[in-house]
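J.: Pasting model.txt here (compact mmCIF, C-alpha atoms):
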```txt
# COMPACT_ATOMS: atom_id res chain seq x y z
CA MET Q 28 10.72 20.82 5.41
CA ALA Q 29 14.17 22.19 6.26
CA ALA Q 30 12.95 23.09 9.73
CA LEU Q 31 11.55 19.59 10.24
CA SER Q 32 14.80 18.01 9.09
CA ALA Q 33 16.81 20.25 11.40
CA TRP Q 34 14.56 19.33 14.31
CA PHE Q 35 14.77 15.58 13.59
CA TRP Q 36 18.56 15.55 13.17
CA ASN Q 37 19.22 17.73 16.20
CA GLU Q 38 22.84 17.17 17.19
CA ARG Q 39 22.09 17.41 20.88
CA PHE Q 40 19.88 14.36 20.62
CA TRP Q 41 21.90 12.17 18.28
CA LEU Q 42 25.51 12.87 19.25
CA PRO Q 43 27.58 13.09 22.43
CA HIS Q 44 28.34 16.49 23.90
CA ASN Q 45 30.76 18.68 21.94
CA VAL Q 46 30.29 16.62 18.75
CA THR Q 47 28.50 17.97 15.67
CA TRP Q 48 27.45 16.55 12.32
CA ALA Q 49 30.06 18.82 10.74
CA ASP Q 50 32.76 16.97 12.67
CA LEU Q 51 31.69 13.73 11.01
CA ALA Q 52 31.01 15.15 7.55
CA ASP Q 53 34.63 15.59 6.47
CA PRO Q 54 36.73 12.61 7.58
CA ALA Q 55 40.34 12.05 6.60
CA PRO Q 56 41.07 10.61 3.14
CA GLY Q 57 40.22 6.92 2.98
CA VAL Q 58 38.06 7.13 6.11
CA GLU Q 59 34.27 6.72 5.99
CA TYR Q 60 31.86 7.39 8.83
CA PRO Q 61 28.28 6.11 8.77
CA LYS Q 62 25.77 8.44 7.14
CA PRO Q 63 21.99 7.87 7.24
CA GLY Q 64 21.87 8.12 3.45
CA HIS Q 65 23.95 4.94 3.20
CA LEU Q 66 20.93 2.95 4.37
CA LEU Q 67 18.98 3.78 1.21
CA ALA Q 68 20.97 1.04 -0.48
CA ALA Q 69 18.98 -1.44 1.61
CA LEU Q 70 15.76 -0.77 -0.33
CA PRO Q 71 16.84 -2.01 -3.80
CA LEU Q 72 18.76 -4.79 -2.05
CA ALA Q 73 15.53 -5.79 -0.26
CA LEU Q 74 13.81 -6.06 -3.63
CA GLY Q 75 16.69 -8.19 -4.90
CA ILE Q 76 16.46 -10.46 -1.86
CA PHE Q 77 12.73 -10.84 -2.45
CA VAL Q 78 13.36 -11.88 -6.08
CA VAL Q 79 16.03 -14.35 -4.98
CA ARG Q 80 13.62 -15.74 -2.44
CA ILE Q 81 10.95 -16.38 -5.08
CA PHE Q 82 13.47 -18.20 -7.27
CA PHE Q 83 14.83 -20.16 -4.29
CA GLU Q 84 11.42 -21.31 -3.06
CA ARG Q 85 10.07 -22.23 -6.50
CA PHE Q 86 13.05 -24.23 -7.66
CA ILE Q 87 15.57 -25.17 -4.97
CA ALA Q 88 13.33 -25.51 -1.92
CA SER Q 89 10.54 -27.06 -3.97
CA ALA Q 90 12.92 -29.71 -5.30
CA CYS Q 91 14.06 -30.49 -1.76
CA ALA Q 92 10.45 -30.77 -0.63
CA ARG Q 93 9.68 -33.26 -3.40
CA ALA Q 94 12.79 -35.25 -2.52
CA LEU Q 95 11.40 -35.52 1.01
CA HIS Q 96 8.02 -36.61 -0.42
CA ILE Q 97 6.32 -33.36 0.60
CA GLN Q 98 3.83 -32.88 -2.20
CA ALA Q 99 2.29 -29.60 -3.26
CA GLY Q 100 -1.15 -31.08 -3.82
CA ALA Q 101 -4.19 -29.17 -2.68
CA GLY Q 102 -6.43 -30.53 0.04
CA ARG Q 103 -10.07 -31.40 -0.22
CA ARG Q 104 -12.10 -28.59 -1.74
CA ALA Q 105 -15.58 -27.51 -0.77
CA GLN Q 106 -18.28 -28.22 -3.31
CA PRO Q 107 -19.44 -25.08 -5.17
CA ASN Q 108 -22.35 -23.36 -3.46
CA ALA Q 109 -23.23 -19.74 -4.23
CA VAL Q 110 -25.17 -19.13 -1.01
CA LEU Q 111 -22.47 -20.43 1.32
CA GLU Q 112 -19.72 -18.77 -0.69
CA LYS Q 113 -21.44 -15.41 -0.31
CA VAL Q 114 -21.72 -15.90 3.44
CA PHE Q 115 -18.08 -17.01 3.62
CA THR Q 116 -16.69 -14.04 1.69
CA SER Q 117 -18.93 -11.24 2.91
CA ILE Q 118 -20.26 -12.18 6.36
CA THR Q 119 -18.24 -14.74 8.31
CA LYS Q 120 -15.82 -17.60 7.82
CA ASN Q 121 -16.84 -19.08 11.17
CA PRO Q 122 -20.64 -19.02 11.40
CA ASP Q 123 -22.18 -19.28 14.84
CA SER Q 124 -25.07 -21.58 15.72
CA ARG Q 125 -27.66 -19.01 14.62
CA HIS Q 126 -26.13 -18.69 11.15
CA LEU Q 127 -25.69 -22.46 10.91
CA ASP Q 128 -29.34 -23.09 11.74
CA GLY Q 129 -30.50 -20.49 9.21
CA LEU Q 130 -28.29 -21.85 6.43
CA SER Q 131 -29.33 -25.40 7.28
CA LYS Q 132 -33.00 -24.49 6.80
CA GLN Q 133 -32.35 -22.41 3.67
CA LEU Q 134 -30.38 -25.17 1.92
CA ASP Q 135 -32.22 -28.11 3.49
CA TRP Q 136 -28.90 -29.47 4.71
CA GLU Q 137 -27.97 -30.94 8.06
CA VAL Q 138 -26.11 -28.53 10.33
CA ARG Q 139 -23.12 -30.85 10.34
CA LYS Q 140 -22.97 -30.73 6.56
CA VAL Q 141 -22.92 -26.93 6.63
CA GLN Q 142 -20.15 -27.02 9.23
CA ARG Q 143 -18.20 -29.44 7.06
CA TRP Q 144 -18.55 -27.16 4.03
CA PHE Q 145 -17.16 -24.17 5.95
CA ARG Q 146 -14.33 -26.30 7.29
CA HIS Q 147 -13.36 -27.45 3.79
CA ARG Q 148 -13.70 -23.91 2.46
CA ARG Q 149 -11.37 -22.56 5.13
CA ASN Q 150 -8.88 -25.27 4.34
CA GLN Q 151 -8.79 -24.18 0.71
CA ASP Q 152 -7.04 -21.01 1.86
CA LYS Q 153 -4.72 -22.85 4.18
CA PRO Q 154 -1.17 -23.10 2.76
CA SER Q 155 0.08 -26.57 2.01
CA THR Q 156 2.88 -28.23 3.92
CA HIS Q 157 4.94 -27.89 0.75
CA THR Q 158 4.52 -24.10 0.81
CA LYS Q 159 5.42 -23.87 4.49
CA PHE Q 160 8.49 -26.07 3.99
CA CYS Q 161 9.75 -23.84 1.18
CA GLU Q 162 9.28 -20.70 3.26
CA SER Q 163 11.12 -22.22 6.23
CA MET Q 164 13.94 -23.46 4.01
CA TRP Q 165 14.45 -19.96 2.64
CA ARG Q 166 14.58 -18.48 6.12
CA PHE Q 167 16.88 -21.26 7.31
CA SER Q 168 19.27 -20.62 4.44
CA PHE Q 169 19.41 -16.88 5.00
CA TYR Q 170 19.70 -17.07 8.79
CA LEU Q 171 22.46 -19.67 8.60
CA GLY Q 172 24.33 -17.76 5.89
CA ILE Q 173 24.18 -14.39 7.65
CA PHE Q 174 25.12 -15.96 10.98
CA ILE Q 175 28.21 -17.59 9.44
CA TYR Q 176 29.16 -14.30 7.80
CA GLY Q 177 28.64 -12.42 11.06
CA ILE Q 178 30.82 -14.83 13.05
CA GLN Q 179 33.58 -14.75 10.42
CA PHE Q 180 33.52 -10.95 10.34
CA LEU Q 181 33.32 -10.38 14.09
CA TRP Q 182 36.03 -12.95 14.80
CA GLN Q 183 38.56 -10.53 13.30
CA THR Q 184 37.32 -7.45 15.15
CA PRO Q 185 38.65 -6.21 18.52
CA TRP Q 186 35.16 -5.51 19.89
CA MET Q 187 34.25 -9.19 19.60
CA TRP Q 188 36.78 -9.94 22.34
CA ASP Q 189 36.65 -6.71 24.31
CA THR Q 190 33.35 -4.86 24.07
CA ARG Q 191 34.95 -1.64 25.33
CA HIS Q 192 36.27 -1.25 21.79
CA CYS Q 193 32.67 -0.50 20.80
CA TRP Q 194 33.16 2.85 22.54
CA TYR Q 195 36.82 3.75 22.25
CA GLY Q 196 37.05 6.75 19.94
CA TYR Q 197 33.27 7.00 19.62
CA PRO Q 198 31.70 8.46 17.51
CA TYR Q 199 34.79 8.80 15.28
CA GLN Q 200 34.76 5.13 14.32
CA VAL Q 201 35.41 4.02 10.76
CA MET Q 202 32.68 2.18 8.90
CA THR Q 203 34.54 -0.72 7.32
CA PRO Q 204 33.23 -2.44 4.15
CA GLY Q 205 32.61 -5.68 6.04
CA LEU Q 206 30.57 -4.00 8.76
CA TYR Q 207 28.62 -2.02 6.16
CA ARG Q 208 27.75 -5.18 4.19
CA TYR Q 209 26.67 -6.93 7.38
CA TYR Q 210 24.42 -4.08 8.44
CA VAL Q 211 22.85 -3.31 5.07
CA THR Q 212 22.19 -6.98 4.28
CA GLU Q 213 20.43 -7.51 7.61
CA LEU Q 214 18.43 -4.31 7.13
CA ALA Q 215 17.46 -5.29 3.58
CA PHE Q 216 16.33 -8.72 4.73
CA TYR Q 217 13.98 -7.28 7.32
CA TRP Q 218 12.66 -4.77 4.82
CA SER Q 219 11.92 -7.73 2.53
CA LEU Q 220 10.16 -9.53 5.40
CA MET Q 221 7.94 -6.52 5.95
CA PHE Q 222 6.98 -6.48 2.28
CA SER Q 223 6.58 -10.23 1.87
CA GLN Q 224 4.55 -10.60 5.05
CA PHE Q 225 1.53 -9.66 2.98
CA THR Q 226 2.15 -12.62 0.64
CA ASP Q 227 3.58 -15.10 3.17
CA ILE Q 228 1.66 -17.65 5.18
CA LYS Q 229 -0.85 -15.65 7.18
CA ARG Q 230 -0.53 -16.18 10.91
CA LYS Q 231 -2.54 -15.13 13.89
CA ASP Q 232 0.18 -12.77 15.06
CA PHE Q 233 0.41 -10.94 11.74
CA LEU Q 234 0.15 -7.50 13.36
CA ILE Q 235 2.60 -8.36 16.14
CA MET Q 236 5.16 -9.62 13.62
CA PHE Q 237 4.67 -6.57 11.43
CA ILE Q 238 5.38 -4.34 14.43
CA HIS Q 239 8.37 -6.54 15.27
CA HIS Q 240 9.83 -6.17 11.77
CA LEU Q 241 9.19 -2.43 11.85
CA ALA Q 242 10.92 -2.17 15.24
CA THR Q 243 13.85 -4.21 13.92
CA VAL Q 244 14.25 -1.96 10.89
CA SER Q 245 14.02 1.10 13.14
CA LEU Q 246 16.62 -0.20 15.61
CA ILE Q 247 19.10 -1.16 12.91
CA SER Q 248 18.67 2.21 11.19
CA PHE Q 249 18.86 4.10 14.48
CA SER Q 250 22.08 2.42 15.59
CA TYR Q 251 23.67 3.02 12.19
CA ALA Q 252 22.68 6.70 12.08
CA ASN Q 253 24.48 7.51 15.36
CA ASN Q 254 27.38 5.13 14.64
CA MET Q 255 26.63 2.46 17.21
CA ALA Q 256 27.22 -0.12 14.51
CA ARG Q 257 29.91 -1.98 16.43
CA VAL Q 258 27.69 -2.91 19.33
CA GLY Q 259 24.83 -3.27 16.85
CA SER Q 260 26.75 -5.99 15.03
CA LEU Q 261 27.02 -7.90 18.31
CA VAL Q 262 23.27 -7.60 18.83
CA LEU Q 263 22.62 -8.93 15.32
CA CYS Q 264 24.96 -11.89 15.77
CA VAL Q 265 23.48 -12.86 19.14
CA HIS Q 266 19.99 -12.90 17.65
CA ASP Q 267 20.98 -14.77 14.50
CA ALA Q 268 22.49 -17.62 16.53
CA SER Q 269 19.22 -19.45 17.19
CA ASP Q 270 16.97 -18.47 14.28
CA PHE Q 271 18.23 -21.04 11.78
CA LEU Q 272 17.82 -23.85 14.31
CA LEU Q 273 14.10 -23.15 14.68
CA GLU Q 274 13.58 -23.07 10.93
CA ALA Q 275 15.43 -26.39 10.67
CA ALA Q 276 13.12 -27.85 13.32
CA LYS Q 277 10.10 -26.65 11.38
CA MET Q 278 11.42 -28.24 8.18
CA ALA Q 279 11.85 -31.53 10.03
CA ASN Q 280 8.30 -31.20 11.26
CA TYR Q 281 6.96 -30.70 7.74
CA ALA Q 282 9.00 -33.71 6.59
CA LYS Q 283 7.36 -35.75 9.40
CA SER Q 284 10.66 -36.55 11.06
CA GLN Q 285 9.73 -36.25 14.70
CA ARG Q 286 13.01 -37.32 16.27
CA VAL Q 287 14.97 -34.82 14.22
CA CYS Q 288 12.38 -32.14 14.94
CA ASP Q 289 12.45 -32.79 18.68
CA PHE Q 290 16.25 -32.76 18.78
CA LEU Q 291 16.47 -29.51 16.80
CA PHE Q 292 13.81 -27.85 18.92
CA ILE Q 293 15.65 -28.78 22.11
CA LEU Q 294 18.89 -27.48 20.60
CA PHE Q 295 17.12 -24.28 19.55
CA SER Q 296 15.72 -23.83 23.05
CA VAL Q 297 19.12 -24.23 24.68
CA VAL Q 298 20.80 -21.81 22.27
CA PHE Q 299 17.92 -19.35 22.65
CA TYR Q 300 18.15 -19.36 26.45
CA ILE Q 301 21.94 -18.96 26.42
CA THR Q 302 22.07 -16.20 23.82
CA ARG Q 303 19.01 -14.20 24.91
CA LEU Q 304 19.02 -14.64 28.69
CA VAL Q 305 22.75 -14.93 29.39
CA ILE Q 306 24.97 -13.57 26.60
CA PHE Q 307 22.77 -10.65 25.60
CA PRO Q 308 22.38 -9.08 29.06
CA ILE Q 309 25.88 -9.93 30.33
CA TRP Q 310 27.79 -9.18 27.12
CA VAL Q 311 25.74 -6.61 25.20
CA LEU Q 312 23.61 -4.76 27.76
CA ASN Q 313 26.55 -4.49 30.14
CA SER Q 314 28.51 -2.78 27.38
CA THR Q 315 25.76 -0.43 26.18
CA MET Q 316 24.71 0.61 29.70
CA PHE Q 317 27.88 0.62 31.82
CA GLU Q 318 30.99 0.51 29.62
CA SER Q 319 29.64 3.21 27.32
CA TRP Q 320 28.66 5.33 30.34
CA ALA Q 321 32.23 5.17 31.64
CA ILE Q 322 33.91 5.81 28.27
CA VAL Q 323 31.53 8.12 26.40
CA GLY Q 324 28.90 9.23 28.87
CA PRO Q 325 25.14 9.42 28.43
CA TYR Q 326 23.29 11.66 25.98
CA PRO Q 327 19.66 11.62 24.71
CA SER Q 328 19.95 9.03 21.94
CA TRP Q 329 22.06 6.88 24.28
CA TRP Q 330 19.14 6.77 26.71
CA LEU Q 331 16.69 5.89 23.95
CA PHE Q 332 18.94 3.16 22.57
CA ASN Q 333 19.30 1.50 25.96
CA VAL Q 334 15.59 1.74 26.73
CA LEU Q 335 14.85 -0.02 23.43
CA LEU Q 336 17.38 -2.74 24.22
CA LEU Q 337 15.83 -3.23 27.67
CA ILE Q 338 12.41 -3.58 26.06
CA LEU Q 339 13.96 -6.14 23.75
CA GLN Q 340 15.25 -8.05 26.78
CA VAL Q 341 11.75 -8.09 28.25
CA MET Q 342 10.56 -9.61 24.97
CA HIS Q 343 13.30 -12.23 25.25
CA ILE Q 344 11.98 -13.21 28.66
CA PHE Q 345 8.44 -13.45 27.32
CA TRP Q 346 9.52 -15.59 24.34
CA SER Q 347 11.54 -17.80 26.68
CA TYR Q 348 8.38 -18.35 28.68
CA LEU Q 349 6.54 -19.43 25.52
CA ILE Q 350 9.35 -21.81 24.59
CA SER Q 351 9.32 -23.22 28.13
CA ARG Q 352 5.61 -23.94 27.75
CA ILE Q 353 6.31 -25.92 24.59
CA ALA Q 354 9.16 -27.78 26.29
CA TYR Q 355 6.93 -28.61 29.26
CA LYS Q 356 4.22 -29.97 26.97
CA ALA Q 357 6.87 -31.96 25.11
CA ILE Q 358 8.02 -33.58 28.34
CA MET Q 359 4.44 -34.37 29.39
CA ARG Q 360 3.46 -35.78 25.99
CA GLY Q 361 6.77 -37.27 24.95
CA LYS Q 362 6.95 -35.03 21.89
CA VAL Q 363 6.96 -31.40 20.86
CA GLY Q 364 3.33 -30.35 20.44
CA ASN Q 365 1.68 -27.40 18.76
CA ASP Q 366 2.68 -24.17 20.42
CA VAL Q 367 0.87 -20.92 20.71
CA ARG Q 368 2.12 -19.78 17.32
CA SER Q 369 1.69 -22.68 14.93
CA ASP Q 370 2.36 -22.19 11.25
CA ILE Q 371 -1.26 -21.95 10.32
CA GLU Q 372 -3.44 -19.21 9.04
CA SER Q 373 -5.76 -17.42 11.37
CA SER Q 374 -8.60 -18.92 9.38
CA SER Q 375 -7.23 -22.44 9.54
CA ASP Q 376 -9.21 -25.37 10.72
CA GLU Q 377 -9.13 -25.09 14.47
CA GLU Q 378 -12.83 -25.76 14.28
CA THR Q 379 -12.40 -29.40 13.34
CA GLU Q 380 -13.37 -30.00 16.94
CA ASN Q 381 -16.76 -28.40 16.54
CA THR Q 382 -18.62 -31.62 17.20
CA GLU Q 383 -18.10 -34.31 19.76
CA GLY Q 384 -18.32 -36.89 17.02
CA HIS Q 385 -15.25 -35.45 15.36
CA LYS Q 386 -13.40 -35.41 18.66
CA ARG Q 387 -14.19 -39.05 19.40
CA SER Q 388 -13.26 -40.09 15.87
CA ALA Q 389 -9.90 -38.32 16.06
CA HIS Q 390 -9.23 -39.79 19.50
CA ASN Q 391 -10.04 -43.33 18.43
CA SER Q 392 -8.06 -43.21 15.19
CA LYS Q 393 -4.95 -41.44 16.51
CA GLY Q 394 -4.81 -42.28 20.18
CA GLU Q 395 -3.96 -39.99 23.02
CA ASN Q 396 -1.28 -38.03 21.12
CA GLY Q 397 -3.70 -36.98 18.41
CA THR Q 398 -1.20 -36.01 15.73
CA ASN Q 399 0.66 -39.22 15.14
CA GLY Q 400 3.60 -37.80 17.02
CA HIS Q 401 4.65 -35.11 14.54
CA CYS Q 402 6.16 -32.13 16.26
CA ALA Q 403 4.93 -28.75 15.19
CA ALA Q 404 7.59 -26.45 16.50
CA ALA Q 405 6.91 -22.90 15.57
CA LYS Q 406 8.77 -19.79 16.47
CA PRO Q 407 7.65 -17.24 19.00
CA ARG Q 408 9.67 -14.85 16.75
CA THR Q 409 12.44 -12.93 17.98
CA HIS Q 410 12.35 -13.36 13.43
CA ASN Q 411 12.49 -14.16 13.63
CA HIS Q 412 11.51 -14.26 12.00
CA THR Q 413 14.62 -13.24 15.02
CA SER Q 414 16.62 -10.27 14.84
CA TRP Q 415 16.51 -7.34 17.18
```
Could you write out this structure as structure tokens?
T.:
Amino acid sequence: MAALSAWFWNERFWLPHNVTWADLADPAPGVEYPKPGHLLAALPLALGIFVVRIFFERFIASACARALHIQAGAGRRAQPNAVLEKVFTSITKNPDSRHLDGLSKQLDWEVRKVQRWFRHRRNQDKPSTHTKFCESMWRFSFYLGIFIYGIQFLWQTPWMWDTRHCWYGYPYQVMTPGLYRYYVTELAFYWSLMFSQFTDIKRKDFLIMFIHHLATVSLISFSYANNMARVGSLVLCVHDASDFLLEAAKMANYAKSQRVCDFLFILFSVVFYITRLVIFPIWVLNSTMFESWAIVGPYPSWWLFNVLLLILQVMHIFWSYLISRIAYKAIMRGKVGNDVRSDIESSSDEETENTEGHKRSAHNSKGENGTNGHCAAAKPRTHNHTSW
């Protein structure tokens, strides 16, 4: 185990040339450098955040939802049927035509009635609008709060105004209490997201988001361990700038306030483009790749850190493409429509269009727009859900 630890914490990988862990282990009185062990505090804090979230959603967010007339009532339930329930739980939730024909003959039901039963049964597992509103309100509150804290903290720091201060004196840079709180709170929140993802609204991109949260936790921990926390705080702030706007748009969607939703989604899109495609590469990547090269020089973990940030920038471009698709559809339809990552479960009722009769009925009752004009803005998480 000691050999493995020594290999993992190899100084030649983590630190610049001619710097050792021993140099950072004994700072002057009153001075504190980052130590990987400091991050363990994020785990109990993540549990505390999760508990606060449960309280917030059950009482505060739920009260707001009721005030907006978003009820927690369950939808239409499928009638009890042992045969169909067994098929649903053990074979398939979306039976093909062969299964439908067999079940139709076995139960002496019309195929359409069997389809309707499976549709209702899937909808039983679909979270209510009330549940989704409460989840979005929690995320909105945290993202807004941490963004305000980040701006207030960074406003007083020299590296906010001159990013070269991220590298002056590196790695002998003091970990201030404000920077530590900022880092550990962000880390704890994303730990809590990883845990709660298994109890949250299930989405089609569950695995992608899990990997995203894991990558975020890894990047935050990595940058803290080799004392790149100054530039890391800039990365966190840039990413927090747009997250709360998307959650606000989603809340407006659940409250069936299309104009507010459309406005917030447009505002989110603008902020996202500016922060991720302009500020991040010009402000952050320029500092991590060029300013740090000139002041500190490259070393192995420096290369890894910059490669990860470049991958993150590629993800920004991809998410911007997804947002542009939504914006294009909004312009064509006169509203923000469902995007590629709606807040629905993977087993939700996309199959309501299984029959032409259902399609014609929906078209005739709702018109060309289909959804009575309610926007369904949903985040292509940057987590995002978005952090790193």
J.: List as an mmCIF file with C-alpha atoms, in the coordinates of the input the protein and nucleic acid residues near range 202-219 of chain Q, meaning an atom at most 6 Å away when only C-alpha atoms are counted, but skip any in the same chain fewer than 4 places from it.
T.:
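Saved to part.cif:
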```cif
data_model
loop_
_atom_site.group_PDB
_atom_site.id
_atom_site.type_symbol
_atom_site.label_atom_id
_atom_site.label_comp_id
_atom_site.auth_asym_id
_atom_site.auth_seq_id
_atom_site.Cartn_x
_atom_site.Cartn_y
_atom_site.Cartn_z
ATOM 1 C CA GLU Q 59 34.270 6.720 5.990
ATOM 2 C CA TYR Q 60 31.860 7.390 8.830
ATOM 3 C CA PRO Q 61 28.280 6.110 8.770
ATOM 4 C CA ALA Q 69 18.980 -1.440 1.610
ATOM 5 C CA LEU Q 72 18.760 -4.790 -2.050
ATOM 6 C CA ALA Q 73 15.530 -5.790 -0.260
ATOM 7 C CA PHE Q 77 12.730 -10.840 -2.450
ATOM 8 C CA SER Q 223 6.580 -10.230 1.870
#
```
J.: Restrict the calculation to all atoms listed in the file, then for each residue of range 201-316 of chain Q with any atom at most 9 Å from an atom of range 187-190 of chain Q give the closest atom pair and their distance in Å to one decimal, rows by chain and rising residue number, as a Markdown table.
T.:
```
| residue | atom | partner | partner_atom | distance |
| --- | --- | --- | --- | --- |
| Q:Arg257 | CA | Q:Thr190 | CA | 8.9 |
| Q:Val258 | CA | Q:Thr190 | CA | 7.6 |
| Q:Leu261 | CA | Q:Met187 | CA | 7.5 |
| Q:Trp310 | CA | Q:Thr190 | CA | 7.7 |
| Q:Val311 | CA | Q:Thr190 | CA | 7.9 |
| Q:Ser314 | CA | Q:Thr190 | CA | 6.2 |
```
J.: Using all atoms listed in the file for the distances, tell me which of Q:Phe271, Q:Phe290, Q:Trp194, Q:Trp34 is nearest to Met316 in chain Q.
T.: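 Using all atoms listed in the file, Met316 in chain Q sits closest to Q:Trp194.
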J.: Write out as a PyMOL selection string which residues come within 9 Å of range 116-123 of chain Q when counting all atoms listed in the file, dropping same-chain ones fewer than 4 positions away.
T.: chain Q and resi 111-112+127-128+142+145-146+148-149+374+378
J.: CA of Leu66 in chain Q to CA of Ser248 in chain Q: how many Å, to one decimal?
T.: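 That distance, rounded to one decimal, is 7.2 Å.
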J.: Any chance you could turn range 128-139 of chain Q into a file with N, CA and C atoms, as a CSV table (one decimal), in the first residue's frame?
T.:
```csv
chain,number,residue,atom,x,y,z
Q,128,ASP,N,-49.6,-8.7,-29.8
Q,128,ASP,CA,-50.6,-9.7,-30.4
Q,128,ASP,C,-50.8,-10.9,-29.5
Q,129,GLY,N,-49.7,-11.4,-28.9
Q,129,GLY,CA,-49.8,-12.5,-27.9
Q,129,GLY,C,-50.6,-12.2,-26.7
Q,130,LEU,N,-50.4,-11.0,-26.1
Q,130,LEU,CA,-51.1,-10.6,-24.9
Q,130,LEU,C,-52.5,-10.3,-25.3
Q,131,SER,N,-52.8,-9.8,-26.4
Q,131,SER,CA,-54.1,-9.5,-26.9
Q,131,SER,C,-55.0,-10.8,-26.9
Q,132,LYS,N,-54.4,-11.8,-27.5
Q,132,LYS,CA,-55.1,-13.1,-27.6
Q,132,LYS,C,-55.2,-13.8,-26.2
Q,133,GLN,N,-54.2,-13.7,-25.4
Q,133,GLN,CA,-54.3,-14.3,-24.1
Q,133,GLN,C,-55.3,-13.7,-23.2
Q,134,LEU,N,-55.5,-12.4,-23.2
Q,134,LEU,CA,-56.4,-11.6,-22.4
Q,134,LEU,C,-57.7,-11.4,-23.0
Q,135,ASP,N,-57.8,-11.7,-24.4
Q,135,ASP,CA,-59.0,-11.3,-25.1
Q,135,ASP,C,-59.3,-9.8,-25.1
Q,136,TRP,N,-58.2,-9.1,-25.2
Q,136,TRP,CA,-58.3,-7.6,-25.3
Q,136,TRP,C,-57.9,-7.2,-26.7
Q,137,GLU,N,-58.4,-6.0,-27.1
Q,137,GLU,CA,-57.9,-5.4,-28.3
Q,137,GLU,C,-56.5,-4.9,-28.1
Q,138,VAL,N,-55.7,-4.9,-29.2
Q,138,VAL,CA,-54.3,-4.5,-29.1
Q,138,VAL,C,-54.2,-3.1,-28.6
Q,139,ARG,N,-55.1,-2.3,-29.0
Q,139,ARG,CA,-55.0,-0.9,-28.5
Q,139,ARG,C,-55.2,-0.8,-27.0
```
